[in-house]
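Structure file run-v1.txt (compact mmCIF, C-alpha atoms) is printed below.
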```txt
# COMPACT_ATOMS: atom_id res chain seq x y z
CA MET A 1 -12.27 -105.62 29.33
CA HIS A 2 -8.80 -104.09 29.43
CA ARG A 3 -7.39 -103.19 26.05
CA ASP A 4 -4.59 -105.74 26.51
CA GLY A 5 -6.37 -108.42 28.48
CA THR A 6 -9.35 -109.36 30.60
CA ILE A 7 -9.90 -108.14 34.15
CA HIS A 8 -11.64 -110.84 36.18
CA ARG A 9 -13.88 -110.33 39.19
CA ASP A 10 -11.02 -111.10 41.58
CA GLY A 11 -8.95 -108.29 40.08
CA THR A 12 -6.44 -110.52 38.30
CA ILE A 13 -5.55 -109.93 34.68
CA HIS A 14 -4.98 -112.64 32.13
CA ARG A 15 -3.17 -112.20 28.86
CA ASP A 16 -3.19 -115.08 26.39
CA GLY A 17 -4.04 -117.42 29.24
CA ALA A 18 -1.21 -116.17 31.50
CA PRO A 19 -2.14 -114.60 34.86
CA ALA A 20 -0.62 -111.36 36.04
CA PRO A 21 2.36 -111.74 38.37
CA ASP A 22 1.77 -111.66 42.11
CA LEU A 23 2.35 -108.25 43.66
CA PHE A 24 3.52 -107.33 47.17
CA THR A 25 4.88 -110.77 48.11
CA TRP A 26 8.32 -111.19 49.69
CA GLU A 27 9.59 -112.54 46.36
CA PHE A 28 8.20 -109.48 44.63
CA ALA A 29 9.94 -107.20 47.17
CA ALA A 30 13.31 -108.77 46.32
CA ASP A 31 12.94 -107.99 42.60
CA PRO A 32 9.76 -106.18 41.52
CA TYR A 33 11.07 -105.19 38.10
CA PRO A 34 9.87 -108.21 36.06
CA ALA A 35 6.34 -107.74 37.46
CA TYR A 36 6.45 -104.04 36.65
CA ALA A 37 7.60 -104.81 33.12
CA TRP A 38 4.55 -107.09 32.72
CA LEU A 39 2.23 -104.37 33.99
CA ARG A 40 3.77 -101.71 31.72
CA GLU A 41 3.11 -103.93 28.70
CA HIS A 42 -0.25 -105.47 29.56
CA ALA A 43 -1.94 -103.30 32.22
CA PRO A 44 -0.14 -99.96 32.50
CA VAL A 45 -2.88 -98.45 34.69
CA HIS A 46 -3.95 -101.32 36.92
CA ARG A 47 -6.49 -101.38 39.76
CA THR A 48 -5.39 -103.69 42.55
CA ARG A 49 -6.08 -104.48 46.18
CA LEU A 50 -3.12 -103.54 48.36
CA PRO A 51 -1.98 -105.61 51.38
CA SER A 52 -3.81 -103.12 53.63
CA GLY A 53 -7.10 -103.88 51.87
CA VAL A 54 -7.26 -100.50 50.16
CA GLU A 55 -7.96 -100.60 46.41
CA ALA A 56 -5.85 -98.26 44.28
CA TRP A 57 -4.71 -97.64 40.71
CA LEU A 58 -1.06 -98.37 39.89
CA VAL A 59 0.45 -96.21 37.11
CA THR A 60 3.54 -97.84 35.59
CA ARG A 61 4.47 -96.18 32.27
CA TYR A 62 6.78 -93.16 32.24
CA ALA A 63 4.56 -90.84 30.18
CA ASP A 64 1.48 -91.66 32.26
CA ALA A 65 3.46 -91.34 35.51
CA ARG A 66 4.83 -87.93 34.59
CA GLN A 67 1.33 -86.76 33.65
CA ALA A 68 -0.18 -88.06 36.88
CA LEU A 69 2.50 -86.51 39.11
CA ALA A 70 1.70 -83.05 37.73
CA ASP A 71 -2.09 -83.38 37.33
CA PRO A 72 -3.92 -80.92 39.65
CA ARG A 73 -6.99 -83.17 39.55
CA LEU A 74 -5.03 -85.68 41.62
CA SER A 75 -5.05 -84.22 45.11
CA LYS A 76 -2.60 -84.97 47.91
CA ASN A 77 -5.27 -84.27 50.53
CA PRO A 78 -6.61 -87.52 52.06
CA ALA A 79 -9.97 -85.79 52.57
CA HIS A 80 -10.62 -86.52 48.89
CA HIS A 81 -10.31 -90.29 49.42
CA ASP A 82 -13.68 -91.98 49.00
CA GLU A 83 -12.64 -94.58 51.54
CA PRO A 84 -14.88 -97.41 52.74
CA ALA A 85 -15.00 -98.16 56.45
CA HIS A 86 -12.39 -100.94 56.26
CA ALA A 87 -9.86 -98.59 54.63
CA LYS A 88 -10.08 -95.70 57.10
CA GLY A 89 -6.68 -94.60 58.33
CA LYS A 90 -4.80 -97.00 56.04
CA THR A 91 -3.34 -94.37 53.75
CA GLY A 92 -0.60 -91.93 54.69
CA ILE A 93 1.78 -92.12 57.63
CA PRO A 94 0.54 -94.12 60.64
CA GLY A 95 -0.36 -91.93 63.61
CA GLU A 96 -0.02 -88.56 61.87
CA ARG A 97 -3.74 -87.77 62.15
CA LYS A 98 -3.97 -88.43 65.89
CA ALA A 99 -0.73 -86.57 66.48
CA GLU A 100 -2.09 -83.49 64.63
CA LEU A 101 0.71 -83.70 62.06
CA MET A 102 -1.44 -83.79 58.91
CA THR A 103 -0.69 -80.28 57.68
CA HIS A 104 2.52 -80.95 55.77
CA LEU A 105 3.64 -80.83 52.15
CA LEU A 106 2.71 -84.44 51.36
CA ASN A 107 -0.92 -83.94 52.41
CA ILE A 108 -1.97 -80.54 51.05
CA ASP A 109 -2.69 -78.78 47.77
CA PRO A 110 -2.33 -75.18 46.61
CA PRO A 111 -2.72 -72.53 47.89
CA ASP A 112 -1.64 -73.89 51.31
CA HIS A 113 1.02 -76.05 49.68
CA THR A 114 2.43 -73.02 47.83
CA ARG A 115 2.65 -70.98 51.04
CA LEU A 116 4.29 -73.70 53.15
CA ARG A 117 6.69 -74.79 50.44
CA ARG A 118 7.88 -71.21 49.97
CA LEU A 119 8.70 -70.98 53.68
CA VAL A 120 10.57 -74.28 53.86
CA SER A 121 12.39 -73.94 50.54
CA LYS A 122 14.68 -71.34 52.13
CA ALA A 123 16.43 -74.19 53.95
CA PHE A 124 17.31 -75.98 50.71
CA THR A 125 18.77 -73.24 48.54
CA PRO A 126 21.99 -74.16 46.70
CA ARG A 127 23.89 -71.80 48.97
CA ARG A 128 22.48 -73.37 52.15
CA VAL A 129 23.22 -76.89 50.92
CA ALA A 130 26.77 -75.83 49.92
CA GLU A 131 27.32 -74.55 53.47
CA PHE A 132 26.33 -78.01 54.71
CA VAL A 133 29.04 -79.85 52.73
CA PRO A 134 31.70 -79.87 55.50
CA ARG A 135 29.20 -81.17 58.07
CA VAL A 136 28.05 -84.03 55.81
CA GLN A 137 31.68 -84.98 55.13
CA GLU A 138 32.46 -84.85 58.85
CA LEU A 139 29.50 -87.12 59.66
CA THR A 140 30.46 -89.52 56.86
CA ASP A 141 34.06 -89.86 58.03
CA ARG A 142 33.04 -90.24 61.67
CA LEU A 143 30.64 -93.05 60.89
CA ILE A 144 33.19 -94.89 58.73
CA ASP A 145 35.79 -94.41 61.48
CA GLY A 146 33.44 -96.38 63.74
CA PHE A 147 33.88 -99.61 61.78
CA ALA A 148 36.82 -99.08 59.39
CA ASP A 149 39.35 -100.96 61.52
CA ARG A 150 37.09 -104.04 61.92
CA GLY A 151 37.12 -105.18 58.32
CA GLU A 152 33.36 -105.79 58.35
CA ALA A 153 30.17 -103.83 58.90
CA ASP A 154 26.45 -103.66 58.28
CA LEU A 155 26.30 -100.61 56.04
CA ILE A 156 22.60 -100.02 56.64
CA HIS A 157 22.59 -99.79 60.44
CA GLU A 158 26.12 -98.44 60.90
CA PHE A 159 26.29 -95.99 58.01
CA ALA A 160 23.35 -95.41 55.64
CA PHE A 161 20.83 -95.09 58.47
CA PRO A 162 22.56 -92.72 60.93
CA LEU A 163 24.06 -90.37 58.33
CA PRO A 164 20.82 -88.72 57.11
CA ILE A 165 19.28 -88.79 60.60
CA TYR A 166 22.09 -86.71 62.06
CA ALA A 167 22.19 -84.44 58.99
CA ILE A 168 18.45 -83.69 59.11
CA CYS A 169 18.60 -83.16 62.87
CA ASP A 170 21.38 -80.61 62.38
CA LEU A 171 19.35 -78.86 59.70
CA LEU A 172 16.24 -78.71 61.89
CA GLY A 173 18.20 -77.55 64.92
CA VAL A 174 17.73 -80.60 67.15
CA PRO A 175 20.40 -80.37 69.89
CA ARG A 176 23.17 -82.95 69.57
CA GLU A 177 22.30 -84.48 72.95
CA ASP A 178 18.76 -85.28 71.70
CA GLN A 179 19.67 -86.67 68.29
CA ASP A 180 20.02 -90.27 69.45
CA ASP A 181 16.35 -90.16 70.54
CA PHE A 182 15.43 -89.19 66.98
CA ARG A 183 17.59 -92.04 65.73
CA ASP A 184 15.63 -94.49 67.92
CA TRP A 185 12.23 -93.16 66.77
CA ALA A 186 13.31 -93.26 63.13
CA GLY A 187 14.60 -96.80 63.61
CA MET A 188 11.19 -97.85 64.87
CA MET A 189 9.62 -96.41 61.71
CA ILE A 190 11.96 -98.39 59.46
CA ARG A 191 11.67 -101.65 61.42
CA HIS A 192 7.88 -101.54 61.29
CA GLY A 193 7.67 -100.44 57.66
CA GLY A 194 6.08 -103.69 56.52
CA GLY A 195 4.41 -104.75 59.74
CA PRO A 196 1.94 -103.39 62.28
CA ARG A 197 1.30 -99.67 62.00
CA GLY A 198 1.15 -99.32 65.80
CA GLY A 199 4.92 -99.22 66.25
CA VAL A 200 5.25 -96.38 63.77
CA ALA A 201 2.32 -94.53 65.35
CA ARG A 202 3.93 -94.69 68.80
CA SER A 203 7.16 -93.25 67.41
CA VAL A 204 5.22 -90.51 65.63
CA LYS A 205 3.48 -89.61 68.91
CA LYS A 206 6.80 -89.39 70.76
CA MET A 207 8.31 -87.29 68.00
CA ARG A 208 5.28 -84.96 68.03
CA GLY A 209 5.62 -84.39 71.78
CA TYR A 210 9.31 -83.64 71.46
CA LEU A 211 8.82 -81.24 68.53
CA ALA A 212 6.12 -79.29 70.42
CA GLU A 213 8.52 -78.81 73.33
CA LEU A 214 11.45 -77.92 71.04
CA ILE A 215 9.38 -75.36 69.11
CA HIS A 216 8.33 -73.78 72.41
CA ARG A 217 11.96 -73.59 73.63
CA LYS A 218 13.20 -72.11 70.38
CA ARG A 219 10.40 -69.55 70.31
CA GLU A 220 11.37 -68.42 73.81
CA ALA A 221 15.05 -68.09 72.80
CA LEU A 222 14.48 -66.49 69.37
CA SER A 223 16.67 -63.43 68.72
CA ALA A 224 15.36 -60.27 67.11
CA GLU A 225 17.27 -60.93 63.88
CA PRO A 226 18.19 -64.28 62.28
CA ALA A 227 21.76 -65.44 62.78
CA PRO A 228 23.78 -66.73 59.79
CA GLY A 229 22.94 -70.38 59.17
CA GLU A 230 19.91 -70.29 61.47
CA ASP A 231 18.29 -73.70 61.92
CA LEU A 232 15.10 -74.57 60.06
CA ILE A 233 12.76 -74.77 63.07
CA SER A 234 13.79 -71.28 64.17
CA GLY A 235 13.22 -70.09 60.62
CA LEU A 236 9.72 -71.58 60.58
CA ILE A 237 8.90 -69.93 63.92
CA ARG A 238 10.24 -66.60 62.69
CA ALA A 239 8.09 -66.83 59.56
CA SER A 240 5.00 -67.54 61.65
CA ASP A 241 5.77 -64.55 63.82
CA HIS A 242 6.03 -62.22 60.82
CA GLY A 243 2.63 -62.55 59.22
CA GLU A 244 3.05 -65.79 57.28
CA HIS A 245 0.32 -67.45 59.39
CA LEU A 246 2.24 -70.64 60.13
CA THR A 247 0.57 -72.25 63.14
CA GLU A 248 2.47 -74.25 65.73
CA ASN A 249 0.83 -77.41 64.39
CA GLU A 250 2.00 -76.49 60.88
CA ALA A 251 5.54 -75.86 62.13
CA ALA A 252 5.58 -79.21 63.96
CA ALA A 253 4.12 -81.01 60.95
CA MET A 254 6.69 -79.47 58.61
CA ALA A 255 9.59 -80.41 60.89
CA PHE A 256 8.16 -83.91 61.21
CA ILE A 257 7.72 -84.55 57.49
CA LEU A 258 11.18 -83.22 56.66
CA LEU A 259 12.60 -85.75 59.07
CA PHE A 260 10.29 -88.57 58.02
CA ALA A 261 10.62 -88.00 54.26
CA GLY A 262 14.23 -86.90 54.42
CA PHE A 263 15.87 -89.77 56.21
CA GLU A 264 14.53 -93.07 54.82
CA THR A 265 14.87 -91.92 51.22
CA THR A 266 18.55 -91.20 51.79
CA VAL A 267 19.07 -94.42 53.77
CA ASN A 268 17.78 -96.30 50.73
CA LEU A 269 19.71 -94.19 48.22
CA ILE A 270 22.97 -95.05 49.99
CA GLY A 271 22.04 -98.69 50.66
CA ASN A 272 20.55 -99.50 47.25
CA GLY A 273 23.29 -97.53 45.51
CA THR A 274 26.11 -99.30 47.31
CA TYR A 275 24.48 -102.69 46.63
CA ALA A 276 24.13 -101.86 42.92
CA LEU A 277 27.80 -100.89 42.71
CA LEU A 278 28.92 -104.05 44.54
CA THR A 279 26.96 -106.20 42.09
CA HIS A 280 28.18 -104.30 39.00
CA PRO A 281 31.98 -104.43 39.43
CA GLU A 282 32.83 -102.87 36.07
CA GLN A 283 30.72 -99.79 36.81
CA ARG A 284 32.14 -99.61 40.32
CA ARG A 285 35.73 -99.71 38.97
CA ARG A 286 34.94 -96.91 36.52
CA LEU A 287 33.69 -94.76 39.37
CA GLN A 288 36.68 -95.55 41.60
CA ASP A 289 39.09 -94.69 38.78
CA SER A 290 37.25 -91.43 38.19
CA LEU A 291 37.39 -90.50 41.88
CA ALA A 292 41.10 -91.40 42.06
CA ALA A 293 41.71 -88.99 39.19
CA GLY A 294 40.00 -86.21 41.13
CA GLU A 295 36.99 -86.06 38.81
CA ARG A 296 33.38 -85.71 40.01
CA GLY A 297 31.44 -85.88 36.75
CA LEU A 298 30.88 -89.63 36.86
CA LEU A 299 29.93 -89.44 40.54
CA GLU A 300 27.22 -86.88 39.76
CA THR A 301 25.74 -88.72 36.79
CA GLY A 302 26.25 -92.00 38.66
CA VAL A 303 24.08 -91.00 41.61
CA GLU A 304 21.32 -89.97 39.19
CA GLU A 305 21.60 -93.36 37.48
CA LEU A 306 21.43 -95.18 40.82
CA LEU A 307 18.27 -93.21 41.60
CA ARG A 308 16.77 -94.35 38.29
CA TYR A 309 18.01 -97.94 38.32
CA ASP A 310 16.92 -98.96 41.83
CA GLY A 311 15.74 -95.85 43.58
CA PRO A 312 14.79 -95.35 47.24
CA VAL A 313 11.11 -94.56 46.58
CA GLU A 314 9.25 -97.34 44.78
CA LEU A 315 5.82 -95.69 44.68
CA ALA A 316 5.05 -92.00 44.96
CA THR A 317 2.92 -91.07 47.95
CA TRP A 318 -0.86 -91.17 47.79
CA ARG A 319 -2.95 -89.14 45.38
CA PHE A 320 -6.76 -88.99 45.18
CA ALA A 321 -8.88 -88.08 42.15
CA THR A 322 -11.06 -85.02 42.73
CA GLU A 323 -13.06 -85.49 39.51
CA PRO A 324 -13.37 -88.08 36.74
CA LEU A 325 -10.20 -88.29 34.68
CA GLY A 326 -8.37 -90.58 32.29
CA ILE A 327 -4.86 -92.00 32.66
CA GLY A 328 -3.42 -94.39 30.09
CA GLY A 329 -6.83 -95.22 28.67
CA GLN A 330 -8.42 -95.99 32.05
CA ARG A 331 -11.17 -93.92 33.66
CA ILE A 332 -10.43 -92.93 37.24
CA ALA A 333 -13.45 -92.12 39.43
CA PRO A 334 -13.57 -89.27 41.96
CA GLY A 335 -12.19 -90.41 45.32
CA ASP A 336 -10.09 -93.22 43.83
CA PRO A 337 -6.51 -93.50 45.17
CA VAL A 338 -3.75 -93.37 42.54
CA LEU A 339 -0.21 -94.62 43.19
CA VAL A 340 2.46 -93.71 40.64
CA VAL A 341 5.03 -96.51 40.46
CA LEU A 342 8.29 -94.59 40.09
CA ALA A 343 10.33 -97.81 39.96
CA ALA A 344 8.34 -99.00 36.93
CA ALA A 345 8.33 -95.65 35.14
CA ASP A 346 12.10 -95.29 35.50
CA ARG A 347 12.64 -98.63 33.73
CA ASP A 348 10.27 -97.84 30.83
CA PRO A 349 11.98 -98.76 27.52
CA GLU A 350 9.82 -96.15 25.77
CA ARG A 351 11.77 -93.49 27.69
CA PHE A 352 15.19 -94.98 28.53
CA ASP A 353 17.57 -96.92 26.31
CA ALA A 354 18.50 -100.30 27.83
CA PRO A 355 16.56 -99.44 30.99
CA ASP A 356 17.58 -102.59 32.87
CA THR A 357 21.27 -101.79 32.40
CA LEU A 358 23.18 -99.78 35.00
CA ASP A 359 25.18 -97.08 33.19
CA LEU A 360 26.75 -94.53 35.53
CA ALA A 361 27.58 -92.27 32.58
CA ARG A 362 23.96 -92.11 31.34
CA ARG A 363 23.26 -88.55 30.21
CA ASP A 364 19.63 -88.33 29.12
CA ASN A 365 18.36 -89.28 32.54
CA GLN A 366 15.22 -87.38 33.49
CA HIS A 367 14.24 -89.97 36.05
CA LEU A 368 11.27 -89.54 38.38
CA GLY A 369 13.12 -90.64 41.52
CA TYR A 370 12.41 -87.31 43.22
CA GLY A 371 8.98 -86.88 41.66
CA HIS A 372 7.79 -84.23 39.23
CA GLY A 373 5.63 -81.12 39.33
CA ILE A 374 4.82 -78.98 42.36
CA HIS A 375 5.52 -81.88 44.75
CA TYR A 376 9.05 -82.46 43.43
CA CYS A 377 11.19 -83.42 46.42
CA LEU A 378 12.22 -80.28 48.28
CA GLY A 379 15.21 -81.99 49.88
CA ALA A 380 16.66 -83.41 46.64
CA PRO A 381 19.78 -81.17 46.75
CA LEU A 382 20.61 -82.34 50.28
CA ALA A 383 19.91 -86.00 49.42
CA ARG A 384 22.20 -85.74 46.39
CA LEU A 385 24.94 -84.23 48.55
CA GLU A 386 24.61 -87.01 51.12
CA GLY A 387 24.50 -89.73 48.45
CA GLN A 388 27.52 -88.41 46.57
CA THR A 389 29.55 -87.87 49.74
CA ALA A 390 28.68 -91.27 51.21
CA LEU A 391 29.45 -93.29 48.08
CA ALA A 392 32.62 -91.40 47.17
CA THR A 393 34.03 -91.70 50.70
CA LEU A 394 33.14 -95.39 51.02
CA LEU A 395 34.74 -96.33 47.69
CA THR A 396 37.83 -94.24 48.41
CA ARG A 397 38.47 -95.32 51.99
CA LEU A 398 37.40 -98.96 51.57
CA PRO A 399 38.41 -99.69 47.97
CA ASP A 400 37.98 -103.48 48.17
CA LEU A 401 34.49 -103.30 49.71
CA ARG A 402 32.54 -106.49 48.98
CA LEU A 403 29.38 -108.31 50.03
CA ALA A 404 29.85 -110.54 53.08
CA VAL A 405 26.91 -112.83 52.21
CA PRO A 406 25.46 -114.24 48.97
CA GLU A 407 23.02 -111.90 47.23
CA SER A 408 20.23 -114.44 47.78
CA GLU A 409 20.52 -113.97 51.55
CA LEU A 410 19.80 -110.24 51.48
CA ARG A 411 16.29 -109.22 52.53
CA TRP A 412 14.32 -106.15 51.50
CA ARG A 413 12.05 -104.30 53.90
CA GLY A 414 8.36 -104.82 53.32
CA GLY A 415 6.18 -101.79 52.81
CA LEU A 416 4.42 -99.94 50.06
CA ILE A 417 6.20 -96.66 49.34
CA MET A 418 9.90 -97.15 50.08
CA ARG A 419 12.38 -99.68 48.66
CA GLY A 420 15.38 -100.55 50.79
CA LEU A 421 17.49 -103.33 52.23
CA ARG A 422 17.09 -104.49 55.82
CA THR A 423 20.83 -105.07 56.15
CA LEU A 424 23.90 -104.84 53.91
CA PRO A 425 26.74 -106.92 55.43
CA VAL A 426 30.11 -106.11 53.85
CA GLN A 427 33.78 -107.00 54.27
CA PHE A 428 36.90 -105.02 53.40
CA THR A 429 40.57 -104.60 54.26
CA PRO A 430 40.65 -102.64 57.54
CA ASP A 431 41.43 -98.94 57.24
CA GLY A 432 43.58 -98.12 60.22
CA ARG A 433 43.80 -94.36 59.88
```
Conversion result in structure tokens:
Amino acid sequence: MHRDGTIHRDGTIHRDGAPAPDLFTWEFAADPYPAYAWLREHAPVHRTRLPSGVEAWLVTRYADARQALADPRLSKNPAHHDEPAHAKGKTGIPGERKAELMTHLLNIDPPDHTRLRRLVSKAFTPRRVAEFVPRVQELTDRLIDGFADRGEADLIHEFAFPLPIYAICDLLGVPREDQDDFRDWAGMMIRHGGGPRGGVARSVKKMRGYLAELIHRKREALSAEPAPGEDLISGLIRASDHGEHLTENEAAAMAFILLFAGFETTVNLIGNGTYALLTHPEQRRRLQDSLAAGERGLLETGVEELLRYDGPVELATWRFATEPLGIGGQRIAPGDPVLVVLAAADRDPERFDAPDTLDLARRDNQHLGYGHGIHYCLGAPLARLEGQTALATLLTRLPDLRLAVPESELRWRGGLIMRGLRTLPVQFTPDGR
């Protein structure tokens, strides 16, 4: 018996004769927030069977989510998953195990996590991100130049998708002539997000082979002392050559996860954020007026609000209980998977006033869009830079940007962790600069 209802043998919950809403349908993908509101009220820590067949706990209230994200008894290491035979290989990123890419920040705990995070964090210091501002602006303008004179575009495939791919490739040190290959592999990952895992696994394998070769080439060419603005892969190699014990597999896995985790989140931040602004014209006008006046305050708080309101990551990545523990009144057994529903927590009325209202000027906004605790998103400063630059430039250069299709025709990508649009067709007065 759940404290707010009855759990039946099929896993459904009934409250006063009403069944729980369906989860993980296409209708749910389009607007999951009413279902999450029901769960927050009636079953805030809810065990469910996922589309993959894996059973997991969903945590939907803000206080519980924040606790779970920082709880050391919830491990990131899949070795702690007490998985039955039918669930083997159905958690995590498809293909990463076979490609020997498991040793990255999303799959490990301290002390290994502490060591690897310290090495990689050097790439995301405020100073390093500030140095990256001109490059992000250059990429943004170049991409908009590619469609500005047409008067129409698909902002996902022509803008939101390539921008973070090229930015992350620059940061890693992938040569410009190879970056379109990365774009193709990343595109395969997005296209197969809600379908067969094989397409993603093949892309992961290709990426792993390329990274092994690139790491070898960069090791051969490494100078005695680091150059200013040295790329991240060279920095990882240098660290491994100076007693930090970073293996080649670890270096490849770290480069891989920075690309994998760093691009789709930003694709969705730009796509979801633009869509929210187009469907909230008063908020969009406020932001455009602020930008026209040369102010950035509303842009900065606005991006944080877009992350809270309809963020790019719907569920935090997998966690596994290492011992019995309680969350929100439920007992979690060792080996049980736990998924923190960031999208539900960030609309919790116990934490946010008028949580279903988009307010770009919202101040008290400690959203969980980038996580919490030791696994807080390492690339958040770069993602914020890309999101702010992309939205500000779009709204300034294409001031009458509007949806080219009815909202009901837009489709959201299937999948468990990420939340993003498949396409975002728009129209605007051509910019002939």
List every residue of region 265-348 of chain A that has an atom at most 9 Å from any atom of region 22-40 of chain A, and for each one report the closest atom pair and its distance in Å to one decimal, counting all atoms listed in the file, with rows sorted by chain and then by increasing residue number, as CSV.
```
residue,atom,partner,partner_atom,distance
A:Val341,CA,A:Tyr36,CA,8.6
A:Ala343,CA,A:Tyr33,CA,7.6
A:Ala344,CA,A:Tyr36,CA,5.4
A:Ala345,CA,A:Arg40,CA,8.3
A:Arg347,CA,A:Ala37,CA,8.0
A:Asp348,CA,A:Arg40,CA,7.6
```
Using Å and a single decimal, report how far CA of Leu382 (chain A) sits from CA of Pro126 (chain A). 9.0 Å
Thr357 (chain A) environment, 12 Å, all atoms listed in the file, sequence neighbours closer than 5 positions dropped, as a VMD selection string: chain A and resid 276 280 283 305 to 306 308 to 310 346 to 349 352 362
Near-Tyr376 (chain A) list (12 Å; all atoms listed in the file; drop same-chain fewer than 5 positions) as a PyMOL selection string: chain A and resi 66+69-70+105-106+117+121+316-317+367-371+381
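When CA of Ile374 (chain A) is paired with CA of Pro312 (chain A), their separation reads 19.8 Å.
The shortest atom-to-atom distance to Ala251 (chain A), with all atoms listed in the file taken into account, belongs to A:Leu116 out of A:Leu307, A:Val174, A:Ala380, A:Leu116.
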Given the choices A:Ala261, A:Leu171, A:Ile108, A:Leu58, which gets closest to Glu131 (chain A) if the distance is worked out from all atoms listed in the file? A:Leu171
Go ahead and fit an axis-aligned box to every listed atom of region 203-220 of chain A plus 8 Å each side, and pass me the centre and edge lengths in Å, one decimal, as JSON.
```
{"center_x": 8.3, "center_y": -80.8, "center_z": 69.7, "size_x": 25.7, "size_y": 40.8, "size_z": 24.2}
```
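Taking all atoms listed in the file into account, Gly415 (chain A) lies nearest to A:Leu50 out of the set A:His80, A:Trp185, A:Leu50, A:Arg238.
Each of A:Val129, A:Ile270, A:Ala148, A:Val120 was compared to Leu258 (chain A) using all atoms listed in the file, and A:Val120 turns out to be the nearest.
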Who sits within 9 Å of region 226-236 of chain A, only C-alpha atoms, same chain under 2 positions skipped, as a count of residues only: 27
Identify the residues within 7 Å of coordinate (27.2, -92.5, 45.7) (same frame as the file), considering only C-alpha atoms, and give the answer as a ChimeraX atom specification. /A:270,273,299,303,387-392
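CA of Asn107 (chain A) lies 23.0 Å from CA of Val45 (chain A).
Distances from A:Asp400, A:Glu225, A:Glu220, A:Glu314 to Gln288 (chain A) were compared using only C-alpha atoms, and the smallest one belongs to A:Asp400.
Considering all atoms listed in the file, the residue among A:Pro110, A:Pro51, A:Gly271, A:Pro324 positioned nearest to Leu155 (chain A) is A:Gly271.
If you count all atoms listed in the file and ignore residues fewer than 4 places along the chain from Asp364 (chain A), what sits within 12 Å of it is A:Thr301, A:Glu304, A:Glu305, A:Arg308, A:Arg351, A:Phe352, A:Asp353, A:Pro355, A:Asp359, A:Leu360.
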So which residues touch Tyr275 (chain A) within 10 Å, counting only C-alpha atoms, skipping near sequence neighbours fewer than 6 positions away, as a list in words? Leu155, Leu269, Leu306, Asp310, Arg402, Leu403, Glu407, Leu421, Leu424 and Val426 of chain A
